[in-house]
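Participant: Coordinates in run-v5.pdb, PDB, C-alpha atoms, pLDDT in the B column, are listed below.
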ATOM      1  CA  MET A 288       0.000   0.000   0.000  1.00 65.00           C
ATOM      2  CA  ASN A 289       1.233   3.426  -0.916  1.00 84.00           C
ATOM      3  CA  LEU A 290       2.439   5.693   1.906  1.00 88.00           C
ATOM      4  CA  LYS A 291       0.629   8.704   0.439  1.00 89.00           C
ATOM      5  CA  ARG A 292      -2.680   6.848   0.509  1.00 89.00           C
ATOM      6  CA  VAL A 293      -2.139   5.878   4.145  1.00 91.00           C
ATOM      7  CA  PHE A 294      -1.350   9.489   5.027  1.00 94.00           C
ATOM      8  CA  GLY A 295      -4.427  10.598   3.078  1.00 93.00           C
ATOM      9  CA  ALA A 296      -6.573   8.148   5.020  1.00 94.00           C
ATOM     10  CA  ILE A 297      -5.163   9.432   8.321  1.00 96.00           C
ATOM     11  CA  LEU A 298      -5.871  13.033   7.302  1.00 96.00           C
ATOM     12  CA  THR A 299      -9.389  12.107   6.264  1.00 97.00           C
ATOM     13  CA  VAL A 300     -10.110  10.404   9.584  1.00 97.00           C
ATOM     14  CA  LEU A 301      -8.679  13.370  11.512  1.00 96.00           C
ATOM     15  CA  GLY A 302     -10.853  15.697   9.446  1.00 97.00           C
ATOM     16  CA  ILE A 303     -13.971  13.665  10.191  1.00 97.00           C
ATOM     17  CA  VAL A 304     -13.129  13.662  13.909  1.00 97.00           C
ATOM     18  CA  GLY A 305     -12.637  17.435  13.840  1.00 95.00           C
ATOM     19  CA  LEU A 306     -15.950  17.993  12.081  1.00 96.00           C
ATOM     20  CA  ILE A 307     -17.792  15.708  14.498  1.00 96.00           C
ATOM     21  CA  TYR A 308     -16.200  17.472  17.470  1.00 94.00           C
ATOM     22  CA  SER A 309     -17.220  20.881  16.119  1.00 93.00           C
ATOM     23  CA  ALA A 310     -20.777  19.562  15.664  1.00 92.00           C
ATOM     24  CA  ILE A 311     -20.793  18.409  19.302  1.00 92.00           C
ATOM     25  CA  ILE A 312     -19.595  21.845  20.410  1.00 89.00           C
ATOM     26  CA  PHE A 313     -22.313  23.439  18.263  1.00 89.00           C
ATOM     27  CA  VAL A 314     -25.037  21.339  19.870  1.00 90.00           C
ATOM     28  CA  ASN A 315     -23.817  21.909  23.434  1.00 87.00           C
ATOM     29  CA  THR A 316     -22.990  25.607  23.130  1.00 79.00           C
ATOM     30  CA  SER A 317     -24.751  28.257  25.160  1.00 75.00           C
ATOM     31  CA  GLY A 318     -23.485  31.172  23.078  1.00 70.00           C
ATOM     32  CA  GLY A 319     -20.248  31.999  24.872  1.00 74.00           C
ATOM     33  CA  ALA A 320     -17.420  33.595  22.919  1.00 76.00           C
ATOM     34  CA  LYS A 321     -14.984  30.840  23.862  1.00 78.00           C
ATOM     35  CA  SER A 322     -17.261  28.076  22.548  1.00 81.00           C
ATOM     36  CA  ILE A 323     -17.912  29.935  19.283  1.00 86.00           C
ATOM     37  CA  LYS A 324     -14.183  30.457  18.804  1.00 90.00           C
ATOM     38  CA  SER A 325     -13.392  26.774  19.367  1.00 89.00           C
ATOM     39  CA  LEU A 326     -16.284  25.788  17.096  1.00 90.00           C
ATOM     40  CA  ILE A 327     -14.834  27.832  14.248  1.00 92.00           C
ATOM     41  CA  ILE A 328     -11.272  26.620  14.820  1.00 94.00           C
ATOM     42  CA  TYR A 329     -12.142  22.910  14.996  1.00 94.00           C
ATOM     43  CA  GLY A 330     -14.549  23.217  12.083  1.00 93.00           C
ATOM     44  CA  ILE A 331     -12.056  24.907   9.776  1.00 96.00           C
ATOM     45  CA  ILE A 332      -9.173  22.596  10.679  1.00 96.00           C
ATOM     46  CA  GLY A 333     -11.393  19.527  10.322  1.00 95.00           C
ATOM     47  CA  PHE A 334     -12.640  20.713   6.940  1.00 96.00           C
ATOM     48  CA  ILE A 335      -9.105  21.385   5.677  1.00 97.00           C
ATOM     49  CA  PHE A 336      -7.848  17.991   6.889  1.00 97.00           C
ATOM     50  CA  PHE A 337     -10.828  16.215   5.356  1.00 97.00           C
ATOM     51  CA  LEU A 338     -10.462  17.867   1.958  1.00 96.00           C
ATOM     52  CA  SER A 339      -6.696  17.430   1.807  1.00 96.00           C
ATOM     53  CA  GLY A 340      -6.977  13.759   2.789  1.00 95.00           C
ATOM     54  CA  ILE A 341      -9.611  13.037   0.161  1.00 95.00           C
ATOM     55  CA  ASN A 342      -7.611  14.915  -2.452  1.00 94.00           C
ATOM     56  CA  LEU A 343      -4.435  13.020  -1.566  1.00 92.00           C
ATOM     57  CA  ILE A 344      -6.207   9.674  -1.865  1.00 90.00           C
ATOM     58  CA  ARG A 345      -7.808  10.625  -5.190  1.00 91.00           C
ATOM     59  CA  THR A 346      -4.703  11.973  -6.892  1.00 91.00           C
ATOM     60  CA  THR A 347      -2.298   9.213  -5.830  1.00 85.00           C
ATOM     61  CA  LYS A 348      -1.842   6.679  -8.614  1.00 81.00           C
ATOM     62  CA  ASP A 349      -1.593   2.943  -7.908  1.00 76.00           C
ATOM     63  CA  GLU A 350       1.824   1.436  -8.457  1.00 73.00           C
ATOM     64  CA  ALA A 351       2.046  -1.758 -10.446  1.00 59.00           C
TER      65      ALA A 351
END
Please lay out the structure from this file as structure tokens.

Facilitator:
Amino acid sequence: MNLKRVFGAILTVLGIVGLIYSAIIFVNTSGGAKSIKSLIIYGIIGFIFFLSGINLIRTTKDEA
């Protein structure tokens, strides 16, 4: 298995975890500035990790 695909899978899983965590913060928030700030940070980082992981998996060619 290609190392880039493994790294892409790890990034994708980290992105999904970040997005799920930001959703949990969104559901449990009471409107404080600190919770909104962490919601934005975890959401953006999770989204970037998810997209970069998917892109890395898609663009990596299989070796014969």

Participant: Please report the interatomic distance between CA of Thr347 in chain A and CA of Val300 in chain A in Å with one decimal.

Facilitator: 17.3 Å

Participant: Would you please work out which residue, of A:Ile335, A:Leu290, A:Ile323, A:Leu343, is nearest to Ser309 in chain A when using all atoms listed in the file?

Facilitator: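 Among the listed residues, A:Ile323 lies closest to Ser309 in chain A.
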
Participant: When you look at Val293 in chain A with a cut-off of 12 Å (counting only C-alpha atoms), what residues show up, excluding the ones that are within fewer than 4 positions of it in the same chain? I need them as an NGL selection string.

Facilitator: :A and (288-289 or 297-300 or 340-341 or 343-345 or 347)

Participant: I'd like the residues picked by the PyMOL selection byres ((chain A and resi 301) around 12) written out as a list in words, using the chain letters and numbers from the file.

Facilitator: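 Here the PyMOL selection byres ((chain A and resi 301) around 12) matches Phe294, Gly295, Ala296, Ile297, Leu298, Thr299, Val300, Gly302, Ile303, Val304, Gly305, Leu306, Ile307, Tyr308, Tyr329, Gly330, Ile332, Gly333, Phe334, Ile335, Phe336, Phe337, Leu338, Ser339, Gly340 and Ile341 of chain A.
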
Participant: So that I have them on file, write out the residues from the current selection with C-alpha atoms, as a tab-separated table (two decimals), keeping the file's coordinate frame.

Facilitator:
chain	number	residue	atom	x	y	z
A	294	PHE	CA	-1.35	9.49	5.03
A	295	GLY	CA	-4.43	10.60	3.08
A	296	ALA	CA	-6.57	8.15	5.02
A	297	ILE	CA	-5.16	9.43	8.32
A	298	LEU	CA	-5.87	13.03	7.30
A	299	THR	CA	-9.39	12.11	6.26
A	300	VAL	CA	-10.11	10.40	9.58
A	302	GLY	CA	-10.85	15.70	9.45
A	303	ILE	CA	-13.97	13.66	10.19
A	304	VAL	CA	-13.13	13.66	13.91
A	305	GLY	CA	-12.64	17.43	13.84
A	306	LEU	CA	-15.95	17.99	12.08
A	307	ILE	CA	-17.79	15.71	14.50
A	308	TYR	CA	-16.20	17.47	17.47
A	329	TYR	CA	-12.14	22.91	15.00
A	330	GLY	CA	-14.55	23.22	12.08
A	332	ILE	CA	-9.17	22.60	10.68
A	333	GLY	CA	-11.39	19.53	10.32
A	334	PHE	CA	-12.64	20.71	6.94
A	335	ILE	CA	-9.10	21.38	5.68
A	336	PHE	CA	-7.85	17.99	6.89
A	337	PHE	CA	-10.83	16.22	5.36
A	338	LEU	CA	-10.46	17.87	1.96
A	339	SER	CA	-6.70	17.43	1.81
A	340	GLY	CA	-6.98	13.76	2.79
A	341	ILE	CA	-9.61	13.04	0.16

Participant: If I take CA of Ile312 in chain A and CA of Ser325 in chain A, how far is one from the other in Å, to one decimal?

Facilitator: 8.0 Å

Participant: If I take CA of Leu326 in chain A and CA of Ala310 in chain A, how far is one from the other in Å, to one decimal?

Facilitator: 7.8 Å
